[in-house]
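Colleague: Just one file: entry-v9.cif, with mmCIF, N, CA and C atoms.
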```cif
data_run
loop_
_atom_site.label_atom_id
_atom_site.label_comp_id
_atom_site.auth_asym_id
_atom_site.auth_seq_id
_atom_site.Cartn_x
_atom_site.Cartn_y
_atom_site.Cartn_z
N MET A 1 0.82 -1.19 0.00
CA MET A 1 0.00 0.00 0.00
C MET A 1 0.87 1.26 0.00
N LYS A 2 1.91 1.28 0.87
CA LYS A 2 2.80 2.43 0.93
C LYS A 2 3.56 2.59 -0.39
N LYS A 3 3.94 1.47 -0.98
CA LYS A 3 4.69 1.51 -2.24
C LYS A 3 3.82 2.08 -3.36
N ALA A 4 2.55 1.70 -3.41
CA ALA A 4 1.63 2.21 -4.44
C ALA A 4 1.41 3.71 -4.25
N ALA A 5 1.25 4.15 -3.02
CA ALA A 5 1.06 5.58 -2.75
C ALA A 5 2.30 6.36 -3.15
N PHE A 6 3.48 5.82 -2.86
CA PHE A 6 4.73 6.48 -3.21
C PHE A 6 4.87 6.60 -4.74
N ILE A 7 4.58 5.53 -5.44
CA ILE A 7 4.67 5.53 -6.91
C ILE A 7 3.69 6.55 -7.50
N THR A 8 2.48 6.59 -6.95
CA THR A 8 1.48 7.56 -7.43
C THR A 8 1.97 8.98 -7.19
N LEU A 9 2.51 9.24 -6.02
CA LEU A 9 3.01 10.57 -5.69
C LEU A 9 4.16 10.98 -6.61
N VAL A 10 5.08 10.07 -6.85
CA VAL A 10 6.20 10.35 -7.74
C VAL A 10 5.70 10.61 -9.16
N SER A 11 4.75 9.82 -9.63
CA SER A 11 4.20 9.99 -10.98
C SER A 11 3.54 11.35 -11.14
N ILE A 12 2.75 11.75 -10.16
CA ILE A 12 2.09 13.06 -10.21
C ILE A 12 3.13 14.18 -10.21
N SER A 13 4.15 14.04 -9.40
CA SER A 13 5.21 15.06 -9.34
C SER A 13 5.92 15.19 -10.67
N LEU A 14 6.24 14.07 -11.30
CA LEU A 14 6.91 14.10 -12.59
C LEU A 14 6.03 14.70 -13.67
N LEU A 15 4.76 14.37 -13.68
CA LEU A 15 3.84 14.95 -14.66
C LEU A 15 3.70 16.45 -14.46
N SER A 16 3.64 16.90 -13.24
CA SER A 16 3.55 18.34 -12.95
C SER A 16 4.80 19.05 -13.43
N LEU A 17 5.94 18.49 -13.16
CA LEU A 17 7.19 19.09 -13.58
C LEU A 17 7.28 19.13 -15.10
N ALA A 18 6.89 18.06 -15.77
CA ALA A 18 6.95 18.02 -17.24
C ALA A 18 6.03 19.05 -17.86
N SER A 19 4.81 19.20 -17.35
CA SER A 19 3.89 20.16 -17.94
C SER A 19 4.35 21.58 -17.67
N PHE A 20 4.99 21.82 -16.53
CA PHE A 20 5.50 23.15 -16.22
C PHE A 20 6.59 23.54 -17.21
N GLN A 21 7.45 22.63 -17.56
CA GLN A 21 8.55 22.93 -18.45
C GLN A 21 8.15 22.94 -19.92
N LEU A 22 7.04 22.31 -20.27
CA LEU A 22 6.64 22.25 -21.66
C LEU A 22 6.08 23.56 -22.17
N PHE A 23 5.38 24.30 -21.33
CA PHE A 23 4.76 25.53 -21.81
C PHE A 23 5.70 26.71 -21.59
N LYS A 24 6.04 27.37 -22.66
CA LYS A 24 6.97 28.50 -22.62
C LYS A 24 6.21 29.80 -22.38
N THR A 25 6.95 30.85 -22.15
CA THR A 25 6.38 32.18 -22.02
C THR A 25 6.16 32.72 -23.43
N ASN A 26 4.90 32.92 -23.79
CA ASN A 26 4.53 33.35 -25.14
C ASN A 26 3.84 34.70 -25.10
N LEU A 27 3.87 35.40 -26.22
CA LEU A 27 3.20 36.69 -26.36
C LEU A 27 2.37 36.66 -27.63
N ARG A 28 1.05 36.84 -27.47
CA ARG A 28 0.14 36.90 -28.62
C ARG A 28 -0.39 38.32 -28.74
N ILE A 29 -0.15 38.92 -29.91
CA ILE A 29 -0.58 40.30 -30.16
C ILE A 29 -1.64 40.29 -31.25
N THR A 30 -2.76 40.93 -30.97
CA THR A 30 -3.82 41.12 -31.95
C THR A 30 -3.79 42.58 -32.37
N VAL A 31 -3.78 42.82 -33.68
CA VAL A 31 -3.73 44.19 -34.20
C VAL A 31 -5.09 44.50 -34.83
N ARG A 32 -5.66 45.64 -34.40
CA ARG A 32 -6.93 46.13 -34.92
C ARG A 32 -6.75 47.57 -35.38
N ASN A 33 -7.64 48.00 -36.29
CA ASN A 33 -7.61 49.41 -36.69
C ASN A 33 -8.54 50.22 -35.80
N GLU A 34 -8.63 51.52 -36.07
CA GLU A 34 -9.41 52.40 -35.21
C GLU A 34 -10.91 52.07 -35.20
N LEU A 35 -11.37 51.29 -36.17
CA LEU A 35 -12.77 50.87 -36.21
C LEU A 35 -12.98 49.53 -35.50
N GLY A 36 -11.90 48.93 -35.04
CA GLY A 36 -11.99 47.65 -34.35
C GLY A 36 -11.85 46.45 -35.26
N ASN A 37 -11.61 46.68 -36.55
CA ASN A 37 -11.44 45.57 -37.49
C ASN A 37 -10.04 44.99 -37.37
N LEU A 38 -9.93 43.67 -37.53
CA LEU A 38 -8.64 42.99 -37.49
C LEU A 38 -7.79 43.42 -38.67
N GLU A 39 -6.50 43.57 -38.44
CA GLU A 39 -5.56 44.00 -39.49
C GLU A 39 -4.60 42.88 -39.83
N SER A 40 -4.85 42.21 -40.95
CA SER A 40 -3.90 41.19 -41.41
C SER A 40 -2.76 41.88 -42.14
N GLY A 41 -1.59 41.25 -42.10
CA GLY A 41 -0.43 41.78 -42.82
C GLY A 41 0.23 42.98 -42.17
N ALA A 42 -0.12 43.29 -40.92
CA ALA A 42 0.55 44.38 -40.21
C ALA A 42 1.91 43.89 -39.72
N THR A 43 2.92 44.72 -39.81
CA THR A 43 4.25 44.38 -39.33
C THR A 43 4.34 44.73 -37.85
N VAL A 44 4.71 43.74 -37.05
CA VAL A 44 4.83 43.93 -35.60
C VAL A 44 6.28 43.66 -35.20
N ALA A 45 6.86 44.62 -34.49
CA ALA A 45 8.23 44.49 -34.00
C ALA A 45 8.22 44.57 -32.48
N VAL A 46 9.05 43.73 -31.85
CA VAL A 46 9.14 43.65 -30.39
C VAL A 46 10.57 43.99 -29.99
N TYR A 47 10.69 44.91 -29.03
CA TYR A 47 12.00 45.36 -28.57
C TYR A 47 12.14 45.12 -27.07
N LYS A 48 13.37 44.81 -26.63
CA LYS A 48 13.65 44.59 -25.21
C LYS A 48 13.84 45.88 -24.44
N THR A 49 14.35 46.90 -25.10
CA THR A 49 14.66 48.14 -24.39
C THR A 49 13.94 49.32 -25.03
N LYS A 50 13.71 50.32 -24.21
CA LYS A 50 13.09 51.54 -24.71
C LYS A 50 14.00 52.24 -25.72
N GLU A 51 15.30 52.17 -25.48
CA GLU A 51 16.26 52.80 -26.38
C GLU A 51 16.21 52.18 -27.77
N ASP A 52 16.19 50.85 -27.83
CA ASP A 52 16.08 50.17 -29.13
C ASP A 52 14.76 50.52 -29.81
N TYR A 53 13.70 50.56 -29.03
CA TYR A 53 12.38 50.91 -29.56
C TYR A 53 12.40 52.32 -30.16
N GLU A 54 12.94 53.27 -29.42
CA GLU A 54 12.97 54.66 -29.88
C GLU A 54 13.84 54.84 -31.12
N LYS A 55 14.92 54.05 -31.23
CA LYS A 55 15.81 54.12 -32.39
C LYS A 55 15.38 53.19 -33.52
N ASN A 56 14.39 52.33 -33.22
CA ASN A 56 13.89 51.36 -34.20
C ASN A 56 15.01 50.43 -34.68
N VAL A 57 15.79 49.89 -33.69
CA VAL A 57 16.89 48.97 -34.00
C VAL A 57 16.82 47.75 -33.10
N ASN A 58 17.41 46.67 -33.52
CA ASN A 58 17.57 45.45 -32.73
C ASN A 58 16.27 44.82 -32.22
N PRO A 59 15.27 44.65 -33.07
CA PRO A 59 14.06 43.97 -32.56
C PRO A 59 14.40 42.53 -32.19
N VAL A 60 13.82 42.04 -31.10
CA VAL A 60 14.03 40.65 -30.71
C VAL A 60 13.07 39.74 -31.45
N ALA A 61 12.02 40.32 -32.01
CA ALA A 61 11.05 39.56 -32.80
C ALA A 61 10.42 40.49 -33.82
N LEU A 62 10.20 39.98 -35.02
CA LEU A 62 9.63 40.77 -36.11
C LEU A 62 8.82 39.83 -36.98
N ASP A 63 7.55 40.16 -37.20
CA ASP A 63 6.69 39.29 -38.01
C ASP A 63 5.49 40.07 -38.49
N LYS A 64 4.71 39.44 -39.37
CA LYS A 64 3.46 40.03 -39.86
C LYS A 64 2.28 39.27 -39.26
N THR A 65 1.18 39.99 -39.05
CA THR A 65 -0.02 39.36 -38.51
C THR A 65 -0.64 38.43 -39.56
N ASP A 66 -1.32 37.40 -39.07
CA ASP A 66 -1.99 36.46 -39.97
C ASP A 66 -3.33 37.04 -40.43
N ASP A 67 -4.14 36.23 -41.10
CA ASP A 67 -5.42 36.73 -41.63
C ASP A 67 -6.43 37.08 -40.54
N LYS A 68 -6.13 36.72 -39.29
CA LYS A 68 -6.99 37.09 -38.17
C LYS A 68 -6.39 38.24 -37.36
N GLY A 69 -5.35 38.87 -37.89
CA GLY A 69 -4.73 40.01 -37.23
C GLY A 69 -3.87 39.64 -36.03
N ILE A 70 -3.42 38.40 -35.99
CA ILE A 70 -2.69 37.89 -34.82
C ILE A 70 -1.27 37.50 -35.20
N VAL A 71 -0.36 37.79 -34.28
CA VAL A 71 1.01 37.28 -34.38
C VAL A 71 1.37 36.75 -33.00
N THR A 72 2.03 35.59 -32.97
CA THR A 72 2.41 34.96 -31.71
C THR A 72 3.91 34.75 -31.68
N TYR A 73 4.51 35.19 -30.58
CA TYR A 73 5.94 35.00 -30.37
C TYR A 73 6.11 34.01 -29.23
N GLU A 74 6.94 33.00 -29.45
CA GLU A 74 7.12 31.93 -28.47
C GLU A 74 8.47 32.03 -27.76
N ASP A 75 8.52 31.45 -26.58
CA ASP A 75 9.75 31.35 -25.79
C ASP A 75 10.35 32.73 -25.50
N MET A 76 9.51 33.63 -25.02
CA MET A 76 9.95 34.99 -24.67
C MET A 76 10.42 35.04 -23.22
N GLU A 77 11.22 36.02 -22.91
CA GLU A 77 11.63 36.24 -21.53
C GLU A 77 10.47 36.93 -20.79
N PRO A 78 10.32 36.67 -19.50
CA PRO A 78 9.23 37.30 -18.74
C PRO A 78 9.60 38.72 -18.29
N ILE A 79 9.70 39.62 -19.26
CA ILE A 79 10.08 41.02 -19.01
C ILE A 79 9.10 41.94 -19.72
N VAL A 80 9.29 43.24 -19.57
CA VAL A 80 8.52 44.24 -20.30
C VAL A 80 9.10 44.36 -21.71
N TYR A 81 8.22 44.46 -22.71
CA TYR A 81 8.65 44.66 -24.09
C TYR A 81 8.01 45.92 -24.66
N TYR A 82 8.66 46.49 -25.66
CA TYR A 82 8.14 47.66 -26.38
C TYR A 82 7.74 47.19 -27.77
N ILE A 83 6.57 47.61 -28.22
CA ILE A 83 5.96 47.06 -29.44
C ILE A 83 5.66 48.16 -30.45
N THR A 84 5.96 47.90 -31.71
CA THR A 84 5.46 48.74 -32.80
C THR A 84 4.63 47.86 -33.73
N ALA A 85 3.57 48.45 -34.27
CA ALA A 85 2.74 47.78 -35.26
C ALA A 85 2.44 48.79 -36.35
N GLU A 86 2.62 48.36 -37.60
CA GLU A 86 2.43 49.26 -38.73
C GLU A 86 1.81 48.52 -39.91
N LYS A 87 0.96 49.24 -40.62
CA LYS A 87 0.45 48.75 -41.90
C LYS A 87 0.07 49.97 -42.71
N GLY A 88 0.77 50.14 -43.83
CA GLY A 88 0.53 51.33 -44.65
C GLY A 88 0.80 52.59 -43.84
N ASP A 89 -0.18 53.52 -43.82
CA ASP A 89 0.00 54.76 -43.07
C ASP A 89 -0.58 54.68 -41.65
N ARG A 90 -0.94 53.49 -41.21
CA ARG A 90 -1.47 53.30 -39.85
C ARG A 90 -0.38 52.70 -38.95
N ASN A 91 -0.35 53.15 -37.69
CA ASN A 91 0.59 52.60 -36.72
C ASN A 91 0.07 52.84 -35.30
N ASN A 92 0.80 52.36 -34.32
CA ASN A 92 0.41 52.52 -32.92
C ASN A 92 1.27 53.54 -32.19
N PHE A 93 1.96 54.39 -32.92
CA PHE A 93 2.85 55.35 -32.29
C PHE A 93 2.05 56.26 -31.37
N GLY A 94 2.46 56.33 -30.12
CA GLY A 94 1.78 57.17 -29.14
C GLY A 94 0.77 56.44 -28.29
N ALA A 95 0.55 55.14 -28.55
CA ALA A 95 -0.44 54.38 -27.77
C ALA A 95 -0.08 52.90 -27.75
N ALA A 96 -0.31 52.25 -26.61
CA ALA A 96 -0.11 50.79 -26.47
C ALA A 96 1.25 50.35 -26.99
N GLU A 97 2.29 51.00 -26.54
CA GLU A 97 3.62 50.70 -27.04
C GLU A 97 4.42 49.80 -26.11
N LYS A 98 3.88 49.48 -24.93
CA LYS A 98 4.65 48.72 -23.95
C LYS A 98 3.76 47.65 -23.32
N THR A 99 4.35 46.46 -23.12
CA THR A 99 3.62 45.39 -22.44
C THR A 99 3.82 45.53 -20.92
N GLU A 100 3.04 44.82 -20.18
CA GLU A 100 3.37 44.58 -18.77
C GLU A 100 4.46 43.51 -18.79
N ALA A 101 5.12 43.29 -17.67
CA ALA A 101 6.08 42.18 -17.61
C ALA A 101 5.33 40.89 -17.91
N LEU A 102 5.82 40.10 -18.86
CA LEU A 102 5.13 38.88 -19.24
C LEU A 102 5.10 37.90 -18.07
N THR A 103 3.99 37.19 -17.94
CA THR A 103 3.85 36.17 -16.92
C THR A 103 4.55 34.91 -17.41
N PRO A 104 5.48 34.38 -16.62
CA PRO A 104 6.22 33.19 -17.06
C PRO A 104 5.30 32.00 -17.31
N ASN A 105 5.65 31.20 -18.31
CA ASN A 105 4.97 29.94 -18.65
C ASN A 105 3.50 30.12 -18.95
N LYS A 106 3.14 31.25 -19.54
CA LYS A 106 1.75 31.55 -19.90
C LYS A 106 1.70 32.12 -21.30
N MET A 107 0.49 32.10 -21.89
CA MET A 107 0.23 32.81 -23.13
C MET A 107 -0.21 34.21 -22.73
N ASN A 108 0.65 35.19 -22.89
CA ASN A 108 0.36 36.58 -22.58
C ASN A 108 -0.28 37.21 -23.82
N LYS A 109 -1.36 37.97 -23.63
CA LYS A 109 -2.07 38.52 -24.78
C LYS A 109 -2.22 40.03 -24.64
N MET A 110 -2.16 40.71 -25.80
CA MET A 110 -2.44 42.14 -25.83
C MET A 110 -3.00 42.50 -27.19
N THR A 111 -3.78 43.57 -27.20
CA THR A 111 -4.35 44.09 -28.44
C THR A 111 -3.77 45.47 -28.68
N ILE A 112 -3.36 45.71 -29.92
CA ILE A 112 -2.81 47.01 -30.32
C ILE A 112 -3.73 47.61 -31.37
N ILE A 113 -4.04 48.88 -31.19
CA ILE A 113 -4.86 49.61 -32.16
C ILE A 113 -3.93 50.47 -33.01
N ILE A 114 -4.07 50.36 -34.33
CA ILE A 114 -3.29 51.20 -35.22
C ILE A 114 -4.24 52.20 -35.89
N SER A 115 -3.76 53.40 -36.09
CA SER A 115 -4.57 54.44 -36.74
C SER A 115 -3.65 55.39 -37.48
N GLU A 116 -4.25 56.28 -38.24
CA GLU A 116 -3.46 57.27 -39.01
C GLU A 116 -2.97 58.37 -38.12
#
```
Write out the structure in this file as structure tokens.
Modeller:
Amino acid sequence: MKKAAFITLVSISLLSLASFQLFKTNLRITVRNELGNLESGATVAVYKTKEDYEKNVNPVALDKTDDKGIVTYEDMEPIVYYITAEKGDRNNFGAAEKTEALTPNKMNKMTIIISE
């Protein structure tokens, strides 16, 4: 009986540890325009520092939104990031440019509004 309880406890511990390590810190950004419509094909850049963001250099991640206006970055550090989003003459300059510190081992989500 003690052996079965011990094996069960060890199995649960190993499964908990495995699931904890499997899920990385991710950032999902949804880009919408001033009317609330999803913006596919918007270029989204993620910066670690305010200085890099202000100079528009050294993005740690750069991608375009999919047809649902979403871009997902995986295996991010749990820190604050600075974000730019642009499509044509629309961008987010002056609004929603910084994340909160990302929560470790979670899918962190934010929505950015781009306008003229």
Colleague: Show me the residues close to (-1.1, 53.5, -28.4) - anything with an atom within 5 Å, counting all atoms listed in the file - and format the list as a list of chain:residue names.
Modeller: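 In the file's frame, the residues around the point are A:Asn92, A:Gly94, A:Ala95, A:Ala96, A:Glu97.
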Colleague: Counting only C-alpha atoms, figure out which residue out of A:Met107, A:Val46, A:Ile70, A:Ala61 gets nearest to Thr30 of chain A.
Modeller: A:Ile70
Colleague: Please enumerate the residues selected by the PyMOL selection byres (((chain A and resi 48-58 and name CA) around 6) and name CA) when evaluated against the supplied file, formatted as number ranges by chain.
Modeller: A: 47, 59, 81
Colleague: With a distance cut-off of 7 Å and only N, CA and C atoms, select the neighbouring residues of Asp67 of chain A, excluding the residue or stretch itself and same-chain residues fewer than 6 positions from it, and output the selection as a CSV table (one decimal) with N, CA and C atoms, keeping the file's coordinate frame.
Modeller:
```
chain,number,residue,atom,x,y,z
A,38,LEU,N,-9.9,43.7,-37.5
A,38,LEU,CA,-8.6,43.0,-37.5
A,38,LEU,C,-7.8,43.4,-38.7
A,39,GLU,N,-6.5,43.6,-38.4
A,39,GLU,CA,-5.6,44.0,-39.5
A,39,GLU,C,-4.6,42.9,-39.8
A,40,SER,N,-4.8,42.2,-41.0
A,40,SER,CA,-3.9,41.2,-41.4
A,40,SER,C,-2.8,41.9,-42.1
A,41,GLY,N,-1.6,41.2,-42.1
A,41,GLY,CA,-0.4,41.8,-42.8
A,41,GLY,C,0.2,43.0,-42.2
```
Colleague: Quick one: of A:Val71, A:Ala42, A:Val80, A:Ile29, who's nearest to Leu102 of chain A, counting only C-alpha atoms?
Modeller: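 Smallest separation from Leu102 of chain A among the options: A:Val80.
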Colleague: Just the number, please: distance in Å from atom C of Val60 of chain A to atom N of Asn37 of chain A, one decimal.
Modeller: 26.1 Å
Colleague: For Ile79 of chain A, list every protein, DNA or RNA residue within 10 Å, evaluated using only C-alpha atoms, and leave out those in the same chain fewer than 4 positions away; present the list as a count of residues only.
Modeller: 7
Colleague: When you draw a straight line from atom N of Ile114 of chain A to atom N of Ala45 of chain A, how long is it in Å?
Modeller: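 Atom N of Ala45 of chain A lies 12.3 Å from atom N of Ile114 of chain A.
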Colleague: Smallest atom-to-atom distance to Asp63 of chain A: which of A:Val31, A:Glu77, A:Val44, A:Asn26, using all atoms listed in the file?
Modeller: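 Using all atoms listed in the file, the shortest distance to Asp63 of chain A belongs to A:Val44.
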Colleague: Quick check, in Å to one decimal: how far apart do atom CA of Ile83 of chain A and atom CA of Thr65 of chain A lie?
Modeller: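 Taking atom CA of Ile83 of chain A and atom CA of Thr65 of chain A, their separation equals 13.3 Å.
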Colleague: Can you list every residue in chain A that DSSP puts in strand (DSSP E or B), as number ranges by chain?
Modeller: A: 26-33, 38, 43-47, 61-64, 70-73, 82-87, 90-91, 98, 107-115
Colleague: Which one of A:Asn108, A:Lys98, A:Asp66, A:Ser115 sits closest to Leu27 of chain A if you count all atoms listed in the file?
Modeller: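 Closest residue, counting all atoms listed in the file: A:Asn108.
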Colleague: Using all atoms listed in the file, which of the listed residues (A:Lys24, A:Arg32, A:Glu74, A:Asn91) sits closest to Ile112 of chain A?
Modeller: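 The closest residue to Ile112 of chain A is A:Arg32.
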